[in-house]
Amino acid sequence: MFDLTTAVVLYCALVGVACVGLWLWYDRRDHRRFEAERRKTTFHCIRCDALYTAPAGTELCRCPKCGHENARLKF
C-alpha cells in the first residue's frame, strides 16, 4: 500500500502536528492562568498605611494587618 519512505514521512508529519498542537494548547492554558493571577486590584489602608491586593473586581477589602475595610485605589 505505502512504501517505506511515504510511511516515514506520514509518521513524522503526524508526530510533528501532535507536538505543535500540544505546545499551543499548553501555551494558551498557561497564558490564561498567568493573566488571571496578574490582574489584581490594589488597596491602600488608611489606618496602618499598608498596601495589599485582592482579586480583580473587588471594590471593598479588609486590610490583612489591621482589619480595616478600605476602598480600592483609583488612579
# chains A, B, ... in the order shown; residues from 1 in each chain; ligands from 1
$ select_by_dssp --residues "stretch 12-75 of chain A" --states "strand (DSSP E)" --output "list in words"
Lys40, Thr41, Thr42, Phe43, His44, Leu51, Tyr52, Thr53, Ala54, Pro55, Leu60, Cys61, Arg62, Glu69, Asn70 and Ala71 of chain A
$ residues_around --residues "A:Phe75" --least-positions-apart "3" --cutoff "12 Å" --atoms "only C-alpha atoms" --output "list in words"
Thr41, Thr42, Phe43 and Arg72 of chain A
$ residues_around --residues "stretch 61-67 of chain A" --least-positions-apart "2" --cutoff "10 Å" --atoms "only C-alpha atoms" --output "ChimeraX atom specification"
/A:41-55,58-59,69-72
$ write_last_selection --atoms "N, CA, C and O atoms" --output "PDB file, in the first residue's frame"
ATOM      1  N   THR A  41      -6.547  43.948  42.063  1.00  0.00           N
ATOM      2  CA  THR A  41      -6.944  45.285  42.475  1.00  0.00           C
ATOM      3  C   THR A  41      -6.080  45.676  43.661  1.00  0.00           C
ATOM      4  O   THR A  41      -5.903  44.887  44.591  1.00  0.00           O
ATOM      5  N   THR A  42      -5.555  46.888  43.648  1.00  0.00           N
ATOM      6  CA  THR A  42      -4.662  47.352  44.704  1.00  0.00           C
ATOM      7  C   THR A  42      -5.441  48.170  45.727  1.00  0.00           C
ATOM      8  O   THR A  42      -6.295  48.983  45.378  1.00  0.00           O
ATOM      9  N   PHE A  43      -5.104  47.961  46.997  1.00  0.00           N
ATOM     10  CA  PHE A  43      -5.732  48.681  48.090  1.00  0.00           C
ATOM     11  C   PHE A  43      -4.656  49.342  48.937  1.00  0.00           C
ATOM     12  O   PHE A  43      -3.534  48.851  49.045  1.00  0.00           O
ATOM     13  N   HIS A  44      -5.029  50.472  49.566  1.00  0.00           N
ATOM     14  CA  HIS A  44      -4.142  51.176  50.489  1.00  0.00           C
ATOM     15  C   HIS A  44      -4.915  51.394  51.775  1.00  0.00           C
ATOM     16  O   HIS A  44      -5.980  52.040  51.777  1.00  0.00           O
ATOM     17  N   CYS A  45      -4.405  50.880  52.877  1.00  0.00           N
ATOM     18  CA  CYS A  45      -5.080  51.007  54.161  1.00  0.00           C
ATOM     19  C   CYS A  45      -4.823  52.405  54.721  1.00  0.00           C
ATOM     20  O   CYS A  45      -3.670  52.816  54.875  1.00  0.00           O
ATOM     21  N   ILE A  46      -5.896  53.118  55.042  1.00  0.00           N
ATOM     22  CA  ILE A  46      -5.743  54.461  55.578  1.00  0.00           C
ATOM     23  C   ILE A  46      -5.435  54.444  57.073  1.00  0.00           C
ATOM     24  O   ILE A  46      -5.015  55.447  57.628  1.00  0.00           O
ATOM     25  N   ARG A  47      -5.603  53.303  57.718  1.00  0.00           N
ATOM     26  CA  ARG A  47      -5.327  53.216  59.149  1.00  0.00           C
ATOM     27  C   ARG A  47      -3.861  52.854  59.411  1.00  0.00           C
ATOM     28  O   ARG A  47      -3.180  53.531  60.174  1.00  0.00           O
ATOM     29  N   CYS A  48      -3.359  51.792  58.758  1.00  0.00           N
ATOM     30  CA  CYS A  48      -1.988  51.335  59.058  1.00  0.00           C
ATOM     31  C   CYS A  48      -1.011  51.581  57.905  1.00  0.00           C
ATOM     32  O   CYS A  48       0.143  51.192  57.989  1.00  0.00           O
ATOM     33  N   ASP A  49      -1.448  52.213  56.814  1.00  0.00           N
ATOM     34  CA  ASP A  49      -0.603  52.593  55.676  1.00  0.00           C
ATOM     35  C   ASP A  49      -0.025  51.388  54.929  1.00  0.00           C
ATOM     36  O   ASP A  49       1.059  51.464  54.370  1.00  0.00           O
ATOM     37  N   ALA A  50      -0.746  50.278  54.905  1.00  0.00           N
ATOM     38  CA  ALA A  50      -0.281  49.077  54.209  1.00  0.00           C
ATOM     39  C   ALA A  50      -0.842  49.048  52.787  1.00  0.00           C
ATOM     40  O   ALA A  50      -1.938  49.536  52.523  1.00  0.00           O
ATOM     41  N   LEU A  51      -0.077  48.480  51.868  1.00  0.00           N
ATOM     42  CA  LEU A  51      -0.538  48.219  50.510  1.00  0.00           C
ATOM     43  C   LEU A  51      -0.782  46.726  50.371  1.00  0.00           C
ATOM     44  O   LEU A  51       0.038  45.914  50.818  1.00  0.00           O
ATOM     45  N   TYR A  52      -1.895  46.353  49.751  1.00  0.00           N
ATOM     46  CA  TYR A  52      -2.195  44.935  49.548  1.00  0.00           C
ATOM     47  C   TYR A  52      -3.079  44.791  48.317  1.00  0.00           C
ATOM     48  O   TYR A  52      -3.577  45.777  47.784  1.00  0.00           O
ATOM     49  N   THR A  53      -3.235  43.571  47.847  1.00  0.00           N
ATOM     50  CA  THR A  53      -4.011  43.312  46.642  1.00  0.00           C
ATOM     51  C   THR A  53      -5.131  42.320  46.931  1.00  0.00           C
ATOM     52  O   THR A  53      -5.088  41.586  47.914  1.00  0.00           O
ATOM     53  N   ALA A  54      -6.105  42.318  46.031  1.00  0.00           N
ATOM     54  CA  ALA A  54      -7.225  41.375  46.079  1.00  0.00           C
ATOM     55  C   ALA A  54      -7.560  41.014  44.640  1.00  0.00           C
ATOM     56  O   ALA A  54      -7.094  41.669  43.707  1.00  0.00           O
ATOM     57  N   PRO A  55      -8.358  39.984  44.428  1.00  0.00           N
ATOM     58  CA  PRO A  55      -8.740  39.622  43.056  1.00  0.00           C
ATOM     59  C   PRO A  55      -9.426  40.772  42.335  1.00  0.00           C
ATOM     60  O   PRO A  55     -10.060  41.631  42.960  1.00  0.00           O
ATOM     61  N   THR A  58     -12.898  43.527  42.921  1.00  0.00           N
ATOM     62  CA  THR A  58     -13.239  43.752  44.319  1.00  0.00           C
ATOM     63  C   THR A  58     -13.226  45.246  44.599  1.00  0.00           C
ATOM     64  O   THR A  58     -12.262  45.926  44.297  1.00  0.00           O
ATOM     65  N   GLU A  59     -14.300  45.766  45.159  1.00  0.00           N
ATOM     66  CA  GLU A  59     -14.376  47.203  45.463  1.00  0.00           C
ATOM     67  C   GLU A  59     -13.991  47.507  46.903  1.00  0.00           C
ATOM     68  O   GLU A  59     -13.416  48.546  47.189  1.00  0.00           O
ATOM     69  N   GLU A  69     -11.639  48.038  56.751  1.00  0.00           N
ATOM     70  CA  GLU A  69     -12.152  47.848  55.390  1.00  0.00           C
ATOM     71  C   GLU A  69     -11.869  49.104  54.567  1.00  0.00           C
ATOM     72  O   GLU A  69     -12.220  50.216  54.971  1.00  0.00           O
ATOM     73  N   ASN A  70     -11.228  48.919  53.405  1.00  0.00           N
ATOM     74  CA  ASN A  70     -10.804  50.026  52.563  1.00  0.00           C
ATOM     75  C   ASN A  70     -11.394  49.883  51.171  1.00  0.00           C
ATOM     76  O   ASN A  70     -11.641  48.783  50.686  1.00  0.00           O
ATOM     77  N   ALA A  71     -11.531  51.027  50.493  1.00  0.00           N
ATOM     78  CA  ALA A  71     -11.955  51.042  49.092  1.00  0.00           C
ATOM     79  C   ALA A  71     -10.713  50.878  48.228  1.00  0.00           C
ATOM     80  O   ALA A  71      -9.595  51.183  48.645  1.00  0.00           O
ATOM     81  N   ARG A  72     -10.908  50.435  46.996  1.00  0.00           N
ATOM     82  CA  ARG A  72      -9.776  50.212  46.106  1.00  0.00           C
ATOM     83  C   ARG A  72      -9.142  51.538  45.692  1.00  0.00           C
ATOM     84  O   ARG A  72      -9.797  52.582  45.750  1.00  0.00           O
TER      85      ARG A  72
END
$ atom_distance --atom1 "atom CA of A:Leu10" --atom2 "atom CA of A:Leu22"
18.3 Å
$ select_by_dssp --residues "chain A" --states "helix (DSSP H, G or I)" --output "ChimeraX atom specification"
/A:4-38
$ residues_around --residues "stretch 29-38 of chain A" --least-positions-apart "4" --cutoff "9 Å" --atoms "only C-alpha atoms" --output "JSON, numbers by chain"
{"A": [24, 25, 55, 56]}
$ write_last_selection --atoms "C-alpha atoms" --output "short mmCIF file (atom, residue, chain, number, x, y, z; two decimals), in the first residue's frame"
data_model
loop_
_atom_site.label_atom_id
_atom_site.label_comp_id
_atom_site.auth_asym_id
_atom_site.auth_seq_id
_atom_site.Cartn_x
_atom_site.Cartn_y
_atom_site.Cartn_z
CA LEU A 24 -0.22 25.51 21.52
CA TRP A 25 -2.78 24.05 23.94
CA PRO A 55 -8.74 39.62 43.06
CA ALA A 56 -9.88 41.86 40.21
#
